[in-house]
Every structure is written in C-alpha cells, then in structure tokens.
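Peer 1: What follows is run-v8.cif, mmCIF, C-alpha atoms.
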data_input
loop_
_atom_site.label_atom_id
_atom_site.label_comp_id
_atom_site.auth_asym_id
_atom_site.auth_seq_id
_atom_site.Cartn_x
_atom_site.Cartn_y
_atom_site.Cartn_z
CA ILE A 4 31.51 101.76 -126.05
CA VAL A 5 34.08 99.53 -124.36
CA ALA A 6 36.28 102.56 -123.71
CA TYR A 7 33.30 104.32 -122.15
CA PHE A 8 32.72 101.41 -119.77
CA GLU A 9 36.43 101.28 -118.92
CA SER A 10 36.51 105.02 -118.21
CA GLY A 11 33.99 104.47 -115.41
CA ALA A 12 36.45 102.55 -113.24
CA LYS A 13 37.16 104.25 -109.91
CA ALA A 14 40.23 104.06 -107.70
CA SER A 15 38.02 102.74 -104.91
CA SER A 16 35.04 100.56 -105.71
CA GLU A 17 33.66 100.46 -102.18
CA ARG A 18 31.02 103.13 -102.83
CA LEU A 19 27.39 103.11 -103.86
CA GLY A 20 24.64 105.45 -104.93
CA ILE A 21 20.94 105.15 -104.15
CA GLU A 22 17.76 105.98 -106.04
CA LEU A 23 14.58 105.63 -104.01
CA GLU A 24 11.13 106.20 -105.54
CA HIS A 25 8.00 107.08 -103.57
CA THR A 26 4.29 106.95 -104.39
CA LEU A 27 2.16 109.79 -103.02
CA VAL A 28 -1.52 109.41 -102.11
CA ARG A 29 -4.06 111.49 -100.21
CA ALA A 30 -5.39 110.28 -96.88
CA ASP A 31 -8.36 108.71 -98.71
CA GLY A 32 -6.05 106.88 -101.15
CA THR A 33 -6.56 109.28 -104.05
CA PRO A 34 -3.42 109.56 -106.26
CA VAL A 35 -1.50 112.83 -106.06
CA PRO A 36 -1.05 114.30 -109.59
CA TYR A 37 1.73 116.53 -110.83
CA ARG A 38 -0.48 119.61 -111.19
CA GLY A 39 -3.16 121.01 -108.94
CA PRO A 40 -3.42 122.07 -105.30
CA ASP A 41 -0.80 120.39 -103.12
CA GLY A 42 0.36 118.37 -106.14
CA VAL A 43 3.87 117.14 -106.85
CA GLN A 44 4.82 120.35 -108.68
CA TRP A 45 3.84 122.25 -105.53
CA LEU A 46 5.88 119.82 -103.41
CA LEU A 47 9.00 120.40 -105.51
CA GLY A 48 8.54 124.13 -105.05
CA GLU A 49 8.35 123.63 -101.30
CA LEU A 50 11.52 121.49 -101.34
CA LEU A 51 13.49 124.30 -103.01
CA GLU A 52 14.11 125.60 -99.50
CA ASP A 53 16.29 122.54 -98.81
CA TYR A 54 17.29 121.68 -102.39
CA PRO A 55 17.89 125.08 -104.05
CA GLU A 56 18.97 123.95 -107.54
CA ALA A 57 15.91 123.77 -109.83
CA SER A 58 15.43 121.85 -113.10
CA ARG A 59 12.65 122.94 -115.45
CA ASP A 60 11.36 121.93 -118.87
CA PRO A 61 11.28 124.43 -121.77
CA GLU A 62 7.77 125.50 -120.72
CA GLY A 63 8.96 126.32 -117.22
CA ASP A 64 7.44 123.36 -115.39
CA LEU A 65 9.47 122.40 -112.31
CA LEU A 66 10.73 118.81 -112.74
CA GLY A 67 13.41 118.50 -110.09
CA VAL A 68 15.37 120.11 -107.28
CA ALA A 69 18.86 119.35 -106.03
CA ARG A 70 21.79 120.16 -103.81
CA PRO A 71 25.36 118.80 -103.91
CA GLY A 72 25.24 115.00 -103.80
CA GLU A 73 21.43 114.78 -103.84
CA ALA A 74 18.69 115.27 -106.42
CA VAL A 75 14.91 115.03 -106.12
CA THR A 76 13.23 114.20 -109.42
CA ILE A 77 9.95 112.74 -110.58
CA GLU A 78 9.14 109.61 -112.54
CA PRO A 79 6.57 109.33 -115.37
CA ALA A 80 3.42 109.48 -113.20
CA ALA A 81 4.87 111.89 -110.61
CA GLN A 82 6.51 109.28 -108.38
CA VAL A 83 9.02 111.25 -106.27
CA GLU A 84 12.60 110.00 -106.38
CA LEU A 85 15.65 110.76 -104.27
CA SER A 86 18.99 110.14 -106.02
CA ALA A 87 22.03 110.49 -103.77
CA GLY A 88 25.64 109.51 -103.36
CA PRO A 89 28.17 108.16 -103.77
CA PHE A 90 28.47 106.88 -100.21
CA SER A 91 31.35 104.98 -98.66
CA ARG A 92 29.29 104.00 -95.60
CA LEU A 93 25.76 102.58 -95.52
CA ALA A 94 25.09 104.64 -92.39
CA ASP A 95 25.62 107.82 -94.41
CA ALA A 96 23.19 106.63 -97.09
CA GLU A 97 20.62 105.84 -94.40
CA ALA A 98 21.06 109.26 -92.78
CA CYS A 99 20.59 110.96 -96.16
CA PHE A 100 17.42 108.98 -96.85
CA SER A 101 16.01 109.65 -93.37
CA ALA A 102 16.61 113.39 -93.74
CA PHE A 103 14.76 113.34 -97.06
CA GLU A 104 11.82 111.44 -95.53
CA ASP A 105 11.67 114.08 -92.77
CA ALA A 106 11.68 116.87 -95.38
CA LEU A 107 8.78 115.21 -97.21
CA ALA A 108 6.81 114.66 -94.01
CA ALA A 109 7.20 118.29 -92.97
CA ARG A 110 5.52 119.41 -96.21
CA LEU A 111 3.01 116.62 -96.74
CA ASP A 112 1.66 115.85 -93.27
CA PRO A 113 -0.15 119.22 -93.04
CA VAL A 114 -1.97 118.52 -96.35
CA ASP A 115 -2.95 114.94 -95.42
CA THR A 116 -0.70 113.30 -97.99
CA GLN A 117 1.04 109.99 -97.38
CA VAL A 118 4.40 108.90 -98.78
CA LEU A 119 4.42 105.19 -99.62
CA THR A 120 7.47 103.02 -100.30
CA VAL A 121 5.65 100.24 -102.14
CA GLY A 122 6.44 98.52 -105.42
CA TYR A 123 3.15 99.33 -107.15
CA HIS A 124 0.44 101.95 -106.76
CA PRO A 125 -2.06 100.54 -104.25
CA THR A 126 -5.18 102.48 -105.21
CA ALA A 127 -5.15 103.25 -108.95
CA ARG A 128 -4.84 101.69 -112.40
CA ALA A 129 -1.76 102.77 -114.34
CA VAL A 130 -3.68 104.07 -117.34
CA ASP A 131 -5.59 106.47 -115.06
CA LEU A 132 -2.40 108.06 -113.70
CA GLU A 133 -1.46 111.22 -115.60
CA LEU A 134 1.99 111.55 -117.18
CA ILE A 135 4.13 114.48 -116.13
CA PRO A 136 4.98 117.11 -118.80
CA LYS A 137 8.14 115.48 -120.14
CA ARG A 138 8.29 114.67 -123.85
CA ARG A 139 10.53 111.63 -123.35
CA TYR A 140 7.91 109.94 -121.20
CA LYS A 141 5.18 110.53 -123.79
CA LEU A 142 7.33 108.80 -126.42
CA MET A 143 8.21 105.93 -124.06
CA ASN A 144 4.54 105.52 -123.16
CA MET A 145 3.62 105.18 -126.85
CA TYR A 146 6.45 102.75 -127.59
CA LEU A 147 6.13 100.51 -124.55
CA GLY A 148 2.34 100.69 -124.57
CA ALA A 149 2.33 99.22 -128.07
CA ILE A 150 4.30 96.19 -126.85
CA SER A 151 2.13 95.25 -123.87
CA MET A 152 0.12 96.71 -121.01
CA PHE A 153 3.09 96.08 -118.74
CA GLY A 154 5.06 98.95 -120.29
CA ILE A 155 2.50 101.45 -119.10
CA CYS A 156 2.26 99.65 -115.76
CA MET A 157 6.03 99.91 -115.30
CA MET A 158 6.14 103.62 -116.15
CA ARG A 159 3.08 104.89 -114.35
CA GLY A 160 2.25 102.38 -111.64
CA SER A 161 5.56 101.11 -110.30
CA ALA A 162 8.13 102.54 -107.91
CA SER A 163 11.49 101.03 -107.08
CA THR A 164 14.73 101.13 -105.14
CA GLN A 165 17.86 101.21 -107.29
CA VAL A 166 21.48 100.90 -106.24
CA SER A 167 24.52 101.89 -108.32
CA ILE A 168 27.84 100.31 -107.38
CA ASP A 169 31.29 101.50 -108.39
CA TYR A 170 33.85 99.18 -109.95
CA SER A 171 37.64 99.44 -109.95
CA SER A 172 38.49 97.49 -113.12
CA THR A 173 37.02 95.56 -116.03
CA GLU A 174 37.23 92.35 -114.04
CA ASP A 175 35.55 93.95 -111.04
CA CYS A 176 32.79 95.31 -113.28
CA LEU A 177 32.03 91.93 -114.86
CA ARG A 178 32.17 90.16 -111.49
CA LYS A 179 29.61 92.56 -110.02
CA MET A 180 27.37 92.30 -113.08
CA ARG A 181 27.32 88.49 -112.79
CA LEU A 182 26.68 88.71 -109.06
CA ALA A 183 23.77 91.11 -109.62
CA PHE A 184 22.12 88.77 -112.12
CA ALA A 185 22.70 85.78 -109.83
CA LEU A 186 20.96 87.62 -106.99
CA VAL A 187 17.89 88.57 -109.06
CA PRO A 188 15.69 85.67 -107.84
CA LEU A 189 16.51 86.34 -104.17
CA LEU A 190 16.11 90.11 -104.43
CA SER A 191 12.85 89.67 -106.35
CA LEU A 192 11.50 87.42 -103.61
CA ILE A 193 12.31 89.70 -100.69
CA CYS A 194 11.80 93.13 -102.33
CA ASP A 195 8.72 92.84 -104.61
CA ASN A 196 6.44 94.59 -102.10
CA SER A 197 3.40 94.78 -104.41
CA PRO A 198 0.33 93.30 -102.72
CA VAL A 199 -1.99 95.31 -104.98
CA PHE A 200 -1.86 95.49 -108.78
CA GLU A 201 -4.18 97.67 -110.87
CA ASP A 202 -6.43 98.38 -107.87
CA ALA A 203 -7.00 94.67 -107.18
CA PRO A 204 -5.22 91.85 -105.35
CA ARG A 205 -2.08 90.87 -107.25
CA PRO A 206 -2.51 88.03 -109.76
CA HIS A 207 1.15 87.01 -109.46
CA ARG A 208 3.30 86.43 -106.37
CA LEU A 209 6.15 88.54 -107.80
CA MET A 210 4.21 91.24 -109.60
CA ARG A 211 7.06 93.64 -110.23
CA THR A 212 9.21 90.82 -111.62
CA GLU A 213 6.32 89.89 -113.91
CA ILE A 214 6.08 93.51 -115.12
CA TRP A 215 9.80 93.78 -115.84
CA GLU A 216 9.95 90.45 -117.67
CA LYS A 217 7.18 91.48 -120.05
CA CYS A 218 7.26 95.27 -120.41
CA ASP A 219 9.92 95.14 -123.15
CA PRO A 220 11.57 91.79 -123.97
CA ASP A 221 14.19 93.57 -126.13
CA ARG A 222 15.85 95.20 -123.13
CA CYS A 223 14.71 93.22 -120.08
CA GLY A 224 15.89 89.95 -118.60
CA VAL A 225 19.34 88.42 -118.31
CA VAL A 226 22.01 89.60 -120.75
CA PRO A 227 22.77 86.61 -123.01
CA GLY A 228 26.07 84.95 -122.11
CA ILE A 229 26.74 87.11 -119.04
CA MET A 230 27.44 84.05 -116.87
CA ASP A 231 29.98 82.64 -119.34
CA PRO A 232 33.51 83.02 -117.87
CA GLY A 233 34.66 84.22 -121.29
CA PHE A 234 32.12 87.07 -121.44
CA THR A 235 33.81 90.46 -121.94
CA LEU A 236 32.87 94.12 -122.04
CA ARG A 237 33.08 93.86 -125.83
CA ASP A 238 30.34 91.22 -125.70
CA TYR A 239 28.28 93.54 -123.54
CA ALA A 240 28.86 96.41 -125.97
CA ALA A 241 27.66 94.18 -128.83
CA TYR A 242 24.50 93.39 -126.84
CA VAL A 243 23.88 97.13 -126.31
CA LEU A 244 24.34 97.85 -130.03
CA ASP A 245 22.01 95.04 -131.02
CA THR A 246 19.21 96.27 -128.74
CA PRO A 247 16.56 98.18 -130.76
CA ALA A 248 16.41 101.83 -129.78
CA ILE A 249 13.18 103.31 -128.46
#
Kindly present the structure from the file in structure tokens form.
Peer 2:
Amino acid sequence: IVAYFESGAKASSERLGIELEHTLVRADGTPVPYRGPDGVQWLLGELLEDYPEASRDPEGDLLGVARPGEAVTIEPAAQVELSAGPFSRLADAEACFSAFEDALAARLDPVDTQVLTVGYHPTARAVDLELIPKRRYKLMNMYLGAISMFGICMMRGSASTQVSIDYSSTEDCLRKMRLAFALVPLLSLICDNSPVFEDAPRPHRLMRTEIWEKCDPDRCGVVPGIMDPGFTLRDYAAYVLDTPAI
C-alpha cells in the first residue's frame, strides 16, 4: 500500500483535478429521476454529442459519457457530476466548468429543468429519491442505511465539490494531507451551502458536515495521528487496512 501511494508522486505537483456535482430539478422543484421523459439517462444521451465516449452497465443503461480529460457521470440518486483535469491553471479549470454548464443549459433549458449547485437537495427527502441502476450503490445503501439515516442522506440527497491535488514526494503528500485536515473547519463554514435538509429548514448550521461526521464513523473524520510530525505513509496504510470494508 505504501508503494502504491509513493507511485502516485508526480514530477510537478502544481496541478489539480475537479469533481463538481449538480442536483437537477424541474421548474416546479420536482426531482429529476434517472429514467423517464427528459430524465438524467436522456440527458446523458444528449451529451454524447459533446462527450462521445459512453459507459454502460451490463444491462445497457447509460451511466456516463466522456471525452479526453473530462467525464460526466452520475451519483447514487442521479446527481450529475463533471470530473476533469488535471489542470495547471485555475483559469483552465474554470473554462472547462463553464463550458460544461453551457452544455447542460443548452439541453435542459428547453425542458424547464434547473441545474443547482447546492450541498443538499432542496425539495425532496433522501429516501424518496430513486437510486440509479448500479449494483454498488444498492449495496452501499444497505450498508450505510443500517448505520444511520445519514448514510442514505449522503448518498441520495447530497452533492459536493471535490478537488484532487497532485504531490511530488512522500513529504509533499503528508504536508498536503495535514493542510487539508487543518482547513476542514474553514472550508465547512464557507462551503456547506445547505439551507434545506430533508425538505425542511436545516436543523444544523453545517448540515453537510453533520452528515459526513455521522454517516459512517469507521471511515469519516480526521485520520488518527495525522497531525503528529512523526506520522508516515505506513501509518496511513495501517489506518486503511484497519478500516472495515463495506
């Protein structure tokens, strides 16, 4: 495992990748499902014009489209995600994201569908949102749902922005991991963006942070010992091995 982490080092670490998830709703706030007229499966088919590489499940359901450097996939309850990069300049990442937003708008505006960049679904309860046809998500839903309601909320109701950052060495990797954990409170405060939770006003000021702290204690929260100056990749590998598998 340590060798795997070490093999990820890049000659230049000044690059990042982005993953941006979107929630789709009709003009009246109704959730947009995977199947059905003007659903997310239909949207992916429309996007094949710009992203010609298709990914399908064994039954033939369309689950993603892509082109070099960019992929459009869907999360458990049909949240639409753009994954792109790596980028050496933030301006290039922004241009990529803006072009994707334009591609979505061109298909969805005519069918009165809105694309929302919010942290939690503003009009529906998670349990009422249908899972897409992906076996992994059915198993995760069973596992996390048995731990607490927040597992299902995380999978079906939430959407997020994720950033992946390259590292040039073991030391650079650990430094960036510590920095990421140190920034969690600040990023949580400014990025939560969830005024509505389960179709009602949020009961917690940082709702997404509350979800992630409680959806699966085995694999959420701060890695034990990460802030210790003596923490190594071997310690991190031991933490990974000790985490119960889903």
Peer 1: Which residues of region 62-100 of chain A have any atom within 12 Å of an atom in region 168-180 of chain A when counting all atoms listed in the file, and what is the closest pair of atoms for each, with the distance in Å to one decimal? Order the rows by chain and rising number and write it as a Markdown table.
Peer 2:
| residue | atom | partner | partner_atom | distance |
| --- | --- | --- | --- | --- |
| A:Gly88 | CA | A:Ile168 | CA | 10.3 |
| A:Pro89 | CA | A:Ile168 | CA | 8.6 |
| A:Phe90 | CA | A:Ile168 | CA | 9.7 |
| A:Ser91 | CA | A:Asp169 | CA | 10.3 |
Peer 1: So how many Å separate CA of Cys194 (chain A) and CA of Leu236 (chain A), to one decimal?
Peer 2: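 CA of Cys194 (chain A) sits 28.9 Å away from CA of Leu236 (chain A).
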Peer 1: Please evaluate the PyMOL selection byres ((chain A and resi 21) around 8) against the displayed coordinates and give the resulting residues as a PDB file with C-alpha atoms, keeping the file's coordinate frame.
Peer 2:
ATOM      1  CA  LEU A  19      27.390 103.110-103.860  1.00  0.00           C
ATOM      2  CA  GLY A  20      24.640 105.450-104.930  1.00  0.00           C
ATOM      3  CA  GLU A  22      17.760 105.980-106.040  1.00  0.00           C
ATOM      4  CA  LEU A  23      14.580 105.630-104.010  1.00  0.00           C
ATOM      5  CA  LEU A  85      15.650 110.760-104.270  1.00  0.00           C
ATOM      6  CA  SER A  86      18.990 110.140-106.020  1.00  0.00           C
ATOM      7  CA  ALA A  87      22.030 110.490-103.770  1.00  0.00           C
ATOM      8  CA  GLY A  88      25.640 109.510-103.360  1.00  0.00           C
ATOM      9  CA  PRO A  89      28.170 108.160-103.770  1.00  0.00           C
ATOM     10  CA  ALA A  96      23.190 106.630 -97.090  1.00  0.00           C
ATOM     11  CA  THR A 164      14.730 101.130-105.140  1.00  0.00           C
ATOM     12  CA  GLN A 165      17.860 101.210-107.290  1.00  0.00           C
ATOM     13  CA  VAL A 166      21.480 100.900-106.240  1.00  0.00           C
ATOM     14  CA  SER A 167      24.520 101.890-108.320  1.00  0.00           C
TER      15      SER A 167
END
Peer 1: Would you give me, as CSV, each residue of region 156-247 of chain A having an atom within 7 Å of an atom of region 105-121 of chain A, along with its shortest atom pair and that distance in Å to one decimal, using all atoms listed in the file and sorting by chain and residue number?
Peer 2:
residue,atom,partner,partner_atom,distance
A:Ala162,CA,A:Val121,CA,6.7
A:Asn196,CA,A:Val121,CA,5.7
A:Ser197,CA,A:Val121,CA,6.3
Peer 1: Extract, using all atoms listed in the file, all DNA, RNA and protein residues at most 9 Å from region 54-60 of chain A, discarding same-chain residues fewer than 2 positions from it, and format them as a list in words.
Peer 2: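 What passes the distance filter is Leu47, Gly48, Leu50, Leu51, Glu52, Glu62, Gly63, Asp64, Leu65, Leu66, Gly67, Val68, Ala69, Arg70, Pro71, Glu73, Ala74, Val75, Thr76, Pro136 and Lys137 of chain A.
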Peer 1: Counting only C-alpha atoms, write as a PyMOL selection string all protein and nucleic acid residues lying at most 12 Å from (5.6, 95.5, -101.8) in the file's frame.
Peer 2: chain A and resi 25-26+119-125+161-164+191-200+204-205+208-212
Peer 1: Do you have the CA of Asp53 (chain A)-CA of Glu104 (chain A) distance handy?
Peer 2: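 Going from CA of Asp53 (chain A) over to CA of Glu104 (chain A) covers 12.4 Å.
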Peer 1: I'd like the neighbourhood of region 217-225 of chain A as a CSV table (one decimal) with C-alpha atoms, keeping the file's coordinate frame, where a residue qualifies if any of its atoms comes within 8 Å (using only C-alpha atoms), though same-chain residues fewer than 5 positions away should be ignored.
Peer 2:
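Result file follows (result24.csv):
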chain,number,residue,atom,x,y,z
A,147,LEU,CA,6.1,100.5,-124.6
A,150,ILE,CA,4.3,96.2,-126.8
A,151,SER,CA,2.1,95.2,-123.9
A,152,MET,CA,0.1,96.7,-121.0
A,153,PHE,CA,3.1,96.1,-118.7
A,154,GLY,CA,5.1,99.0,-120.3
A,155,ILE,CA,2.5,101.4,-119.1
A,157,MET,CA,6.0,99.9,-115.3
A,184,PHE,CA,22.1,88.8,-112.1
A,246,THR,CA,19.2,96.3,-128.7
A,247,PRO,CA,16.6,98.2,-130.8
Peer 1: Using CA of Asp95 (chain A) and CA of Arg18 (chain A) as the two end points, give the distance in Å to one decimal.
Peer 2: 11.0 Å
Peer 1: Can region 194-218 of chain A be brought up to N, CA and C atoms and written out as a PDB file, keeping the file's coordinate frame?
Peer 2:
ATOM      1  N   CYS A 194      11.990  91.686-102.122  1.00  0.00           N
ATOM      2  CA  CYS A 194      11.800  93.130-102.330  1.00  0.00           C
ATOM      3  C   CYS A 194      10.602  93.483-103.212  1.00  0.00           C
ATOM      4  N   ASP A 195       9.793  92.534-103.653  1.00  0.00           N
ATOM      5  CA  ASP A 195       8.720  92.840-104.610  1.00  0.00           C
ATOM      6  C   ASP A 195       7.733  93.855-104.040  1.00  0.00           C
ATOM      7  N   ASN A 196       7.223  93.607-102.841  1.00  0.00           N
ATOM      8  CA  ASN A 196       6.440  94.590-102.100  1.00  0.00           C
ATOM      9  C   ASN A 196       5.285  95.180-102.908  1.00  0.00           C
ATOM     10  N   SER A 197       4.519  94.316-103.589  1.00  0.00           N
ATOM     11  CA  SER A 197       3.400  94.780-104.410  1.00  0.00           C
ATOM     12  C   SER A 197       2.160  93.934-104.147  1.00  0.00           C
ATOM     13  N   PRO A 198       1.513  94.113-103.009  1.00  0.00           N
ATOM     14  CA  PRO A 198       0.330  93.300-102.720  1.00  0.00           C
ATOM     15  C   PRO A 198      -0.876  93.640-103.579  1.00  0.00           C
ATOM     16  N   VAL A 199      -0.868  94.863-104.151  1.00  0.00           N
ATOM     17  CA  VAL A 199      -1.990  95.310-104.980  1.00  0.00           C
ATOM     18  C   VAL A 199      -1.472  95.635-106.374  1.00  0.00           C
ATOM     19  N   PHE A 200      -2.232  95.202-107.389  1.00  0.00           N
ATOM     20  CA  PHE A 200      -1.860  95.490-108.780  1.00  0.00           C
ATOM     21  C   PHE A 200      -3.103  95.922-109.542  1.00  0.00           C
ATOM     22  N   GLU A 201      -3.060  97.121-110.113  1.00  0.00           N
ATOM     23  CA  GLU A 201      -4.180  97.670-110.870  1.00  0.00           C
ATOM     24  C   GLU A 201      -5.460  97.699-110.036  1.00  0.00           C
ATOM     25  N   ASP A 202      -5.316  98.186-108.794  1.00  0.00           N
ATOM     26  CA  ASP A 202      -6.430  98.380-107.870  1.00  0.00           C
ATOM     27  C   ASP A 202      -7.160  97.083-107.540  1.00  0.00           C
ATOM     28  N   ALA A 203      -6.427  95.980-107.523  1.00  0.00           N
ATOM     29  CA  ALA A 203      -7.000  94.670-107.180  1.00  0.00           C
ATOM     30  C   ALA A 203      -5.897  93.818-106.579  1.00  0.00           C
ATOM     31  N   PRO A 204      -6.261  92.738-105.864  1.00  0.00           N
ATOM     32  CA  PRO A 204      -5.220  91.850-105.350  1.00  0.00           C
ATOM     33  C   PRO A 204      -4.330  91.347-106.471  1.00  0.00           C
ATOM     34  N   ARG A 205      -3.044  91.249-106.208  1.00  0.00           N
ATOM     35  CA  ARG A 205      -2.080  90.870-107.250  1.00  0.00           C
ATOM     36  C   ARG A 205      -2.396  89.493-107.833  1.00  0.00           C
ATOM     37  N   PRO A 206      -2.285  89.337-109.147  1.00  0.00           N
ATOM     38  CA  PRO A 206      -2.510  88.030-109.760  1.00  0.00           C
ATOM     39  C   PRO A 206      -1.265  87.165-109.804  1.00  0.00           C
ATOM     40  N   HIS A 207      -0.125  87.717-109.386  1.00  0.00           N
ATOM     41  CA  HIS A 207       1.150  87.010-109.460  1.00  0.00           C
ATOM     42  C   HIS A 207       1.911  87.279-108.162  1.00  0.00           C
ATOM     43  N   ARG A 208       2.595  86.273-107.634  1.00  0.00           N
ATOM     44  CA  ARG A 208       3.300  86.430-106.370  1.00  0.00           C
ATOM     45  C   ARG A 208       4.431  87.460-106.435  1.00  0.00           C
ATOM     46  N   LEU A 209       5.066  87.565-107.606  1.00  0.00           N
ATOM     47  CA  LEU A 209       6.150  88.540-107.800  1.00  0.00           C
ATOM     48  C   LEU A 209       5.721  89.484-108.915  1.00  0.00           C
ATOM     49  N   MET A 210       4.840  90.417-108.570  1.00  0.00           N
ATOM     50  CA  MET A 210       4.210  91.240-109.600  1.00  0.00           C
ATOM     51  C   MET A 210       5.192  92.146-110.319  1.00  0.00           C
ATOM     52  N   ARG A 211       6.104  92.743-109.566  1.00  0.00           N
ATOM     53  CA  ARG A 211       7.060  93.640-110.230  1.00  0.00           C
ATOM     54  C   ARG A 211       8.000  92.851-111.147  1.00  0.00           C
ATOM     55  N   THR A 212       8.379  91.662-110.757  1.00  0.00           N
ATOM     56  CA  THR A 212       9.210  90.820-111.620  1.00  0.00           C
ATOM     57  C   THR A 212       8.441  90.478-112.896  1.00  0.00           C
ATOM     58  N   GLU A 213       7.160  90.179-112.755  1.00  0.00           N
ATOM     59  CA  GLU A 213       6.320  89.890-113.910  1.00  0.00           C
ATOM     60  C   GLU A 213       6.255  91.095-114.853  1.00  0.00           C
ATOM     61  N   ILE A 214       6.121  92.291-114.298  1.00  0.00           N
ATOM     62  CA  ILE A 214       6.080  93.510-115.120  1.00  0.00           C
ATOM     63  C   ILE A 214       7.376  93.669-115.898  1.00  0.00           C
ATOM     64  N   TRP A 215       8.513  93.520-115.198  1.00  0.00           N
ATOM     65  CA  TRP A 215       9.800  93.780-115.840  1.00  0.00           C
ATOM     66  C   TRP A 215      10.157  92.698-116.871  1.00  0.00           C
ATOM     67  N   GLU A 216       9.664  91.497-116.686  1.00  0.00           N
ATOM     68  CA  GLU A 216       9.950  90.450-117.670  1.00  0.00           C
ATOM     69  C   GLU A 216       9.183  90.679-118.969  1.00  0.00           C
ATOM     70  N   LYS A 217       8.057  91.390-118.881  1.00  0.00           N
ATOM     71  CA  LYS A 217       7.180  91.480-120.050  1.00  0.00           C
ATOM     72  C   LYS A 217       6.987  92.892-120.594  1.00  0.00           C
ATOM     73  N   CYS A 218       7.523  93.913-119.922  1.00  0.00           N
ATOM     74  CA  CYS A 218       7.260  95.270-120.410  1.00  0.00           C
ATOM     75  C   CYS A 218       8.017  95.569-121.699  1.00  0.00           C
TER      76      CYS A 218
END
